[in-house]
Amino acid sequence: MLGQTDMLNIKARCIFLSTFLTLSALIPAWAEESQEVTPSLPSQLPTQLRRPVALGLLNDGLRLAVANRRSGTVSLLNTDTWSVINEFPAGKQLSDLAVLPGGKQLLVTDEARHELIALRYGNDALQETARLPVSPSPVELILNDDATRCYVASLWSRRMSNCKSSKPSHYRSSRENCCYSAMPGC
């Protein structure tokens with residue numbers, strides 16, 4: 001089980017990486033020599049404030065999934081070129097992201113809609129597979145070692161949701177799969 005210090009270190013690394021990605025896209029434009037800078041976003045993506053809050057590696061590290069709080073989207077980045085290859089509208093106000101073992105599925109929490117959202121990755125796209133209700137204002141999620149349980153901490157309700165699955169790939173849309181408790185261990 002991760003302690004509070006470990007969680008702070010993980011969050012600090014995520015903030016550092018998102019800042020690094022932002023600055024690495026801007027540095028060529030600031031260089032003294034003129035360099036050709038190609039836009040990293042596909043032209044069909046709207047200009048909007050995204051505010052990255054969580055990261056996860058997909059497809060053996062070839063793709064990076066980024067949960068964006070303000071836009072409610074998950075961006076997919078190519079880790080070789082650091083360019084955005086796709087963006088998927090997942091919710092309203094995303095607060096966390098976790099990749100399931102195998103790197104082909106991920107879970108995100110939507111703080112505004114009070115949901116845990118299961119997504120499947122394939123062909124540089126994401127597909128929604130399930131939405132599970134969780135306790136109001138989910139802010140953090142953690143998977144157990146075999147990804148058959150997902151624990152979601154909620155800020156303002158001061159509760160924890162414990163979602164279970166028979167297999168990591170079978171998070172289903174059912175209230176029976178999640179229970180809520182003010183104390184751990186439903």
# chains A, B, ... in the order shown; residues from 1 in each chain; ligands from 1

$ residues_around --residues "region 44-60 of chain A" --least-positions-apart "3" --cutoff "7 Å" --atoms "only C-alpha atoms" --output "list in words"
Cys14, Ser18, Leu41, Arg63, Leu64, Ala65, Val66, Ala67, Asn68, Arg69, Arg70, Ser71, Ser95, Asp96, Leu97, Ala98, Val99, Gly103 and Lys104 of chain A

$ select_by_dssp --residues "region 58-176 of chain A" --states "strand (DSSP E or B)" --output "PDB file with N, CA and C atoms, in the first residue's frame"
ATOM      1  N   LEU A  58       0.547   3.490 -22.433  1.00  0.00           N
ATOM      2  CA  LEU A  58      -0.227   2.457 -23.117  1.00  0.00           C
ATOM      3  C   LEU A  58       0.658   1.752 -24.144  1.00  0.00           C
ATOM      4  N   ARG A  63       2.594   4.811 -26.453  1.00  0.00           N
ATOM      5  CA  ARG A  63       1.605   5.889 -26.373  1.00  0.00           C
ATOM      6  C   ARG A  63       1.470   6.334 -24.925  1.00  0.00           C
ATOM      7  N   LEU A  64       1.205   7.619 -24.757  1.00  0.00           N
ATOM      8  CA  LEU A  64       0.982   8.192 -23.439  1.00  0.00           C
ATOM      9  C   LEU A  64      -0.435   8.730 -23.398  1.00  0.00           C
ATOM     10  N   ALA A  65      -1.217   8.271 -22.428  1.00  0.00           N
ATOM     11  CA  ALA A  65      -2.576   8.776 -22.234  1.00  0.00           C
ATOM     12  C   ALA A  65      -2.513   9.884 -21.183  1.00  0.00           C
ATOM     13  N   VAL A  66      -3.150  11.011 -21.485  1.00  0.00           N
ATOM     14  CA  VAL A  66      -3.141  12.160 -20.584  1.00  0.00           C
ATOM     15  C   VAL A  66      -4.584  12.544 -20.274  1.00  0.00           C
ATOM     16  N   ALA A  67      -4.963  12.499 -18.997  1.00  0.00           N
ATOM     17  CA  ALA A  67      -6.305  12.925 -18.578  1.00  0.00           C
ATOM     18  C   ALA A  67      -6.275  14.438 -18.409  1.00  0.00           C
ATOM     19  N   ASN A  68      -7.197  15.112 -19.086  1.00  0.00           N
ATOM     20  CA  ASN A  68      -7.271  16.575 -19.064  1.00  0.00           C
ATOM     21  C   ASN A  68      -8.473  17.015 -18.233  1.00  0.00           C
ATOM     22  N   THR A  73     -11.212  15.518 -21.505  1.00  0.00           N
ATOM     23  CA  THR A  73     -10.750  14.628 -22.572  1.00  0.00           C
ATOM     24  C   THR A  73      -9.543  13.816 -22.136  1.00  0.00           C
ATOM     25  N   VAL A  74      -9.276  12.752 -22.892  1.00  0.00           N
ATOM     26  CA  VAL A  74      -8.047  11.984 -22.740  1.00  0.00           C
ATOM     27  C   VAL A  74      -7.283  12.145 -24.048  1.00  0.00           C
ATOM     28  N   SER A  75      -6.071  12.702 -23.967  1.00  0.00           N
ATOM     29  CA  SER A  75      -5.226  12.875 -25.146  1.00  0.00           C
ATOM     30  C   SER A  75      -4.291  11.690 -25.271  1.00  0.00           C
ATOM     31  N   LEU A  76      -4.056  11.250 -26.499  1.00  0.00           N
ATOM     32  CA  LEU A  76      -3.096  10.188 -26.779  1.00  0.00           C
ATOM     33  C   LEU A  76      -1.890  10.808 -27.462  1.00  0.00           C
ATOM     34  N   LEU A  77      -0.708  10.595 -26.885  1.00  0.00           N
ATOM     35  CA  LEU A  77       0.518  11.144 -27.440  1.00  0.00           C
ATOM     36  C   LEU A  77       1.419  10.028 -27.937  1.00  0.00           C
ATOM     37  N   ASN A  78       2.111  10.274 -29.030  1.00  0.00           N
ATOM     38  CA  ASN A  78       3.138   9.381 -29.537  1.00  0.00           C
ATOM     39  C   ASN A  78       4.394   9.680 -28.726  1.00  0.00           C
ATOM     40  N   SER A  83       3.989  14.065 -30.023  1.00  0.00           N
ATOM     41  CA  SER A  83       2.895  14.778 -30.678  1.00  0.00           C
ATOM     42  C   SER A  83       1.565  14.131 -30.300  1.00  0.00           C
ATOM     43  N   VAL A  84       0.525  14.945 -30.236  1.00  0.00           N
ATOM     44  CA  VAL A  84      -0.812  14.436 -29.944  1.00  0.00           C
ATOM     45  C   VAL A  84      -1.344  13.772 -31.210  1.00  0.00           C
ATOM     46  N   ILE A  85      -1.776  12.519 -31.083  1.00  0.00           N
ATOM     47  CA  ILE A  85      -2.292  11.813 -32.251  1.00  0.00           C
ATOM     48  C   ILE A  85      -3.807  11.679 -32.226  1.00  0.00           C
ATOM     49  N   ASN A  86      -4.398  11.823 -31.040  1.00  0.00           N
ATOM     50  CA  ASN A  86      -5.851  11.713 -30.941  1.00  0.00           C
ATOM     51  C   ASN A  86      -6.298  12.279 -29.593  1.00  0.00           C
ATOM     52  N   GLU A  87      -7.552  12.635 -29.529  1.00  0.00           N
ATOM     53  CA  GLU A  87      -8.129  13.111 -28.274  1.00  0.00           C
ATOM     54  C   GLU A  87      -9.558  12.593 -28.186  1.00  0.00           C
ATOM     55  N   PHE A  88      -9.916  12.067 -27.023  1.00  0.00           N
ATOM     56  CA  PHE A  88     -11.202  11.416 -26.829  1.00  0.00           C
ATOM     57  C   PHE A  88     -11.987  12.125 -25.729  1.00  0.00           C
ATOM     58  N   PRO A  89     -13.201  12.598 -26.008  1.00  0.00           N
ATOM     59  CA  PRO A  89     -14.018  13.198 -24.943  1.00  0.00           C
ATOM     60  C   PRO A  89     -14.544  12.105 -24.020  1.00  0.00           C
ATOM     61  N   LEU A  94     -12.207  15.483 -15.589  1.00  0.00           N
ATOM     62  CA  LEU A  94     -11.425  14.311 -15.202  1.00  0.00           C
ATOM     63  C   LEU A  94     -10.479  14.650 -14.058  1.00  0.00           C
ATOM     64  N   SER A  95     -10.289  13.670 -13.172  1.00  0.00           N
ATOM     65  CA  SER A  95      -9.451  13.919 -12.007  1.00  0.00           C
ATOM     66  C   SER A  95      -8.313  12.917 -11.845  1.00  0.00           C
ATOM     67  N   ASP A  96      -8.400  11.737 -12.458  1.00  0.00           N
ATOM     68  CA  ASP A  96      -7.308  10.763 -12.340  1.00  0.00           C
ATOM     69  C   ASP A  96      -7.423   9.742 -13.465  1.00  0.00           C
ATOM     70  N   LEU A  97      -6.341   8.990 -13.652  1.00  0.00           N
ATOM     71  CA  LEU A  97      -6.265   7.985 -14.708  1.00  0.00           C
ATOM     72  C   LEU A  97      -5.386   6.852 -14.229  1.00  0.00           C
ATOM     73  N   ALA A  98      -5.751   5.615 -14.550  1.00  0.00           N
ATOM     74  CA  ALA A  98      -4.918   4.454 -14.245  1.00  0.00           C
ATOM     75  C   ALA A  98      -4.995   3.492 -15.420  1.00  0.00           C
ATOM     76  N   VAL A  99      -3.847   2.949 -15.799  1.00  0.00           N
ATOM     77  CA  VAL A  99      -3.773   1.988 -16.898  1.00  0.00           C
ATOM     78  C   VAL A  99      -3.789   0.587 -16.310  1.00  0.00           C
ATOM     79  N   GLN A 105      -6.137  -1.022 -21.715  1.00  0.00           N
ATOM     80  CA  GLN A 105      -7.350  -0.502 -21.084  1.00  0.00           C
ATOM     81  C   GLN A 105      -6.961   0.466 -19.980  1.00  0.00           C
ATOM     82  N   LEU A 106      -7.836   1.438 -19.751  1.00  0.00           N
ATOM     83  CA  LEU A 106      -7.570   2.388 -18.689  1.00  0.00           C
ATOM     84  C   LEU A 106      -8.863   2.813 -18.028  1.00  0.00           C
ATOM     85  N   LEU A 107      -8.725   3.327 -16.833  1.00  0.00           N
ATOM     86  CA  LEU A 107      -9.848   3.842 -16.056  1.00  0.00           C
ATOM     87  C   LEU A 107      -9.585   5.314 -15.770  1.00  0.00           C
ATOM     88  N   VAL A 108     -10.622   6.125 -15.878  1.00  0.00           N
ATOM     89  CA  VAL A 108     -10.522   7.542 -15.516  1.00  0.00           C
ATOM     90  C   VAL A 108     -11.671   7.881 -14.584  1.00  0.00           C
ATOM     91  N   THR A 109     -11.449   8.862 -13.730  1.00  0.00           N
ATOM     92  CA  THR A 109     -12.513   9.335 -12.848  1.00  0.00           C
ATOM     93  C   THR A 109     -12.977  10.707 -13.320  1.00  0.00           C
ATOM     94  N   ASP A 110     -14.287  10.908 -13.251  1.00  0.00           N
ATOM     95  CA  ASP A 110     -14.899  12.179 -13.614  1.00  0.00           C
ATOM     96  C   ASP A 110     -15.444  12.798 -12.339  1.00  0.00           C
ATOM     97  N   GLU A 115     -18.238   9.608 -11.615  1.00  0.00           N
ATOM     98  CA  GLU A 115     -18.192   8.332 -12.331  1.00  0.00           C
ATOM     99  C   GLU A 115     -16.768   7.817 -12.466  1.00  0.00           C
ATOM    100  N   LEU A 116     -16.691   6.493 -12.575  1.00  0.00           N
ATOM    101  CA  LEU A 116     -15.483   5.791 -12.974  1.00  0.00           C
ATOM    102  C   LEU A 116     -15.749   5.324 -14.401  1.00  0.00           C
ATOM    103  N   ILE A 117     -14.888   5.689 -15.340  1.00  0.00           N
ATOM    104  CA  ILE A 117     -15.110   5.402 -16.756  1.00  0.00           C
ATOM    105  C   ILE A 117     -14.037   4.436 -17.239  1.00  0.00           C
ATOM    106  N   ALA A 118     -14.474   3.319 -17.827  1.00  0.00           N
ATOM    107  CA  ALA A 118     -13.554   2.334 -18.388  1.00  0.00           C
ATOM    108  C   ALA A 118     -13.420   2.587 -19.887  1.00  0.00           C
ATOM    109  N   LEU A 119     -12.165   2.625 -20.356  1.00  0.00           N
ATOM    110  CA  LEU A 119     -11.876   2.883 -21.765  1.00  0.00           C
ATOM    111  C   LEU A 119     -10.976   1.780 -22.302  1.00  0.00           C
ATOM    112  N   ARG A 120     -11.155   1.441 -23.576  1.00  0.00           N
ATOM    113  CA  ARG A 120     -10.312   0.452 -24.246  1.00  0.00           C
ATOM    114  C   ARG A 120      -9.512   1.163 -25.327  1.00  0.00           C
ATOM    115  N   TYR A 121      -8.199   0.859 -25.382  1.00  0.00           N
ATOM    116  CA  TYR A 121      -7.309   1.456 -26.372  1.00  0.00           C
ATOM    117  C   TYR A 121      -7.094   0.472 -27.527  1.00  0.00           C
ATOM    118  N   GLY A 122      -7.141   0.989 -28.751  1.00  0.00           N
ATOM    119  CA  GLY A 122      -6.832   0.195 -29.939  1.00  0.00           C
ATOM    120  C   GLY A 122      -6.776   1.081 -31.165  1.00  0.00           C
ATOM    121  N   ALA A 125      -6.946   4.925 -30.839  1.00  0.00           N
ATOM    122  CA  ALA A 125      -8.242   5.496 -30.464  1.00  0.00           C
ATOM    123  C   ALA A 125      -8.680   4.879 -29.138  1.00  0.00           C
ATOM    124  N   LEU A 126      -9.616   5.538 -28.475  1.00  0.00           N
ATOM    125  CA  LEU A 126     -10.189   5.039 -27.229  1.00  0.00           C
ATOM    126  C   LEU A 126     -11.674   4.810 -27.430  1.00  0.00           C
ATOM    127  N   GLN A 127     -12.169   3.739 -26.801  1.00  0.00           N
ATOM    128  CA  GLN A 127     -13.592   3.416 -26.861  1.00  0.00           C
ATOM    129  C   GLN A 127     -14.090   3.210 -25.438  1.00  0.00           C
ATOM    130  N   GLU A 128     -15.199   3.842 -25.102  1.00  0.00           N
ATOM    131  CA  GLU A 128     -15.787   3.680 -23.779  1.00  0.00           C
ATOM    132  C   GLU A 128     -16.418   2.300 -23.670  1.00  0.00           C
ATOM    133  N   THR A 129     -16.117   1.594 -22.565  1.00  0.00           N
ATOM    134  CA  THR A 129     -16.695   0.269 -22.354  1.00  0.00           C
ATOM    135  C   THR A 129     -17.648   0.230 -21.169  1.00  0.00           C
ATOM    136  N   ALA A 130     -17.493   1.147 -20.208  1.00  0.00           N
ATOM    137  CA  ALA A 130     -18.395   1.145 -19.046  1.00  0.00           C
ATOM    138  C   ALA A 130     -18.296   2.466 -18.299  1.00  0.00           C
ATOM    139  N   ARG A 131     -19.394   2.781 -17.597  1.00  0.00           N
ATOM    140  CA  ARG A 131     -19.442   3.917 -16.670  1.00  0.00           C
ATOM    141  C   ARG A 131     -20.028   3.400 -15.366  1.00  0.00           C
ATOM    142  N   LEU A 132     -19.315   3.606 -14.279  1.00  0.00           N
ATOM    143  CA  LEU A 132     -19.779   3.159 -12.977  1.00  0.00           C
ATOM    144  C   LEU A 132     -19.963   4.358 -12.058  1.00  0.00           C
ATOM    145  N   PRO A 133     -21.068   4.436 -11.354  1.00  0.00           N
ATOM    146  CA  PRO A 133     -21.245   5.531 -10.394  1.00  0.00           C
ATOM    147  C   PRO A 133     -20.345   5.309  -9.181  1.00  0.00           C
ATOM    148  N   PRO A 138     -14.952  12.221  -6.952  1.00  0.00           N
ATOM    149  CA  PRO A 138     -13.781  11.334  -6.965  1.00  0.00           C
ATOM    150  C   PRO A 138     -12.538  12.094  -7.417  1.00  0.00           C
ATOM    151  N   VAL A 139     -11.436  11.912  -6.695  1.00  0.00           N
ATOM    152  CA  VAL A 139     -10.216  12.633  -7.026  1.00  0.00           C
ATOM    153  C   VAL A 139      -9.011  11.736  -7.269  1.00  0.00           C
ATOM    154  N   GLU A 140      -9.053  10.492  -6.804  1.00  0.00           N
ATOM    155  CA  GLU A 140      -7.901   9.617  -6.982  1.00  0.00           C
ATOM    156  C   GLU A 140      -8.350   8.171  -7.081  1.00  0.00           C
ATOM    157  N   LEU A 141      -7.674   7.415  -7.964  1.00  0.00           N
ATOM    158  CA  LEU A 141      -7.988   5.996  -8.060  1.00  0.00           C
ATOM    159  C   LEU A 141      -6.711   5.190  -8.047  1.00  0.00           C
ATOM    160  N   ILE A 142      -6.814   4.022  -7.432  1.00  0.00           N
ATOM    161  CA  ILE A 142      -5.687   3.099  -7.336  1.00  0.00           C
ATOM    162  C   ILE A 142      -6.208   1.700  -7.621  1.00  0.00           C
ATOM    163  N   LEU A 143      -5.432   0.927  -8.378  1.00  0.00           N
ATOM    164  CA  LEU A 143      -5.770  -0.463  -8.681  1.00  0.00           C
ATOM    165  C   LEU A 143      -4.980  -1.386  -7.763  1.00  0.00           C
ATOM    166  N   ARG A 149      -9.651  -4.985  -8.459  1.00  0.00           N
ATOM    167  CA  ARG A 149     -10.290  -4.017  -7.574  1.00  0.00           C
ATOM    168  C   ARG A 149      -9.718  -2.638  -7.864  1.00  0.00           C
ATOM    169  N   CYS A 150     -10.617  -1.686  -7.803  1.00  0.00           N
ATOM    170  CA  CYS A 150     -10.244  -0.293  -8.011  1.00  0.00           C
ATOM    171  C   CYS A 150     -10.785   0.496  -6.832  1.00  0.00           C
ATOM    172  N   TYR A 151      -9.914   1.231  -6.177  1.00  0.00           N
ATOM    173  CA  TYR A 151     -10.310   2.036  -5.036  1.00  0.00           C
ATOM    174  C   TYR A 151     -10.322   3.501  -5.473  1.00  0.00           C
ATOM    175  N   VAL A 152     -11.441   4.171  -5.246  1.00  0.00           N
ATOM    176  CA  VAL A 152     -11.599   5.563  -5.660  1.00  0.00           C
ATOM    177  C   VAL A 152     -11.839   6.411  -4.413  1.00  0.00           C
ATOM    178  N   ALA A 153     -10.944   7.369  -4.171  1.00  0.00           N
ATOM    179  CA  ALA A 153     -11.090   8.296  -3.042  1.00  0.00           C
ATOM    180  C   ALA A 153     -11.859   9.523  -3.510  1.00  0.00           C
ATOM    181  N   SER A 154     -12.847   9.920  -2.709  1.00  0.00           N
ATOM    182  CA  SER A 154     -13.664  11.087  -3.039  1.00  0.00           C
ATOM    183  C   SER A 154     -13.421  12.181  -2.007  1.00  0.00           C
ATOM    184  N   ARG A 159     -15.465   9.839   1.236  1.00  0.00           N
ATOM    185  CA  ARG A 159     -15.785   8.429   1.145  1.00  0.00           C
ATOM    186  C   ARG A 159     -14.853   7.753   0.157  1.00  0.00           C
ATOM    187  N   MET A 160     -14.858   6.429   0.221  1.00  0.00           N
ATOM    188  CA  MET A 160     -14.086   5.626  -0.704  1.00  0.00           C
ATOM    189  C   MET A 160     -15.035   4.689  -1.430  1.00  0.00           C
ATOM    190  N   SER A 161     -14.848   4.541  -2.728  1.00  0.00           N
ATOM    191  CA  SER A 161     -15.604   3.568  -3.509  1.00  0.00           C
ATOM    192  C   SER A 161     -14.685   2.398  -3.795  1.00  0.00           C
ATOM    193  N   ASN A 162     -15.218   1.208  -3.645  1.00  0.00           N
ATOM    194  CA  ASN A 162     -14.467  -0.016  -3.862  1.00  0.00           C
ATOM    195  C   ASN A 162     -15.150  -0.748  -5.010  1.00  0.00           C
ATOM    196  N   CYS A 163     -14.562  -0.701  -6.205  1.00  0.00           N
ATOM    197  CA  CYS A 163     -15.152  -1.343  -7.379  1.00  0.00           C
ATOM    198  C   CYS A 163     -14.407  -2.626  -7.665  1.00  0.00           C
ATOM    199  N   LYS A 164     -15.155  -3.687  -7.944  1.00  0.00           N
ATOM    200  CA  LYS A 164     -14.512  -4.973  -8.186  1.00  0.00           C
ATOM    201  C   LYS A 164     -14.921  -5.526  -9.543  1.00  0.00           C
TER     202      LYS A 164
END

$ atom_distance --atom1 "CA of Gly102 (chain A)" --atom2 "CA of Asp146 (chain A)"
10.9 Å

$ closest_residue --among "A:Leu62, A:Thr148, A:Leu155, A:Thr79" --to "Ala112 (chain A)" --atoms "only C-alpha atoms"
A:Leu155

$ atom_distance --atom1 "CA of Lys92 (chain A)" --atom2 "CA of Gly61 (chain A)"
26.7 Å
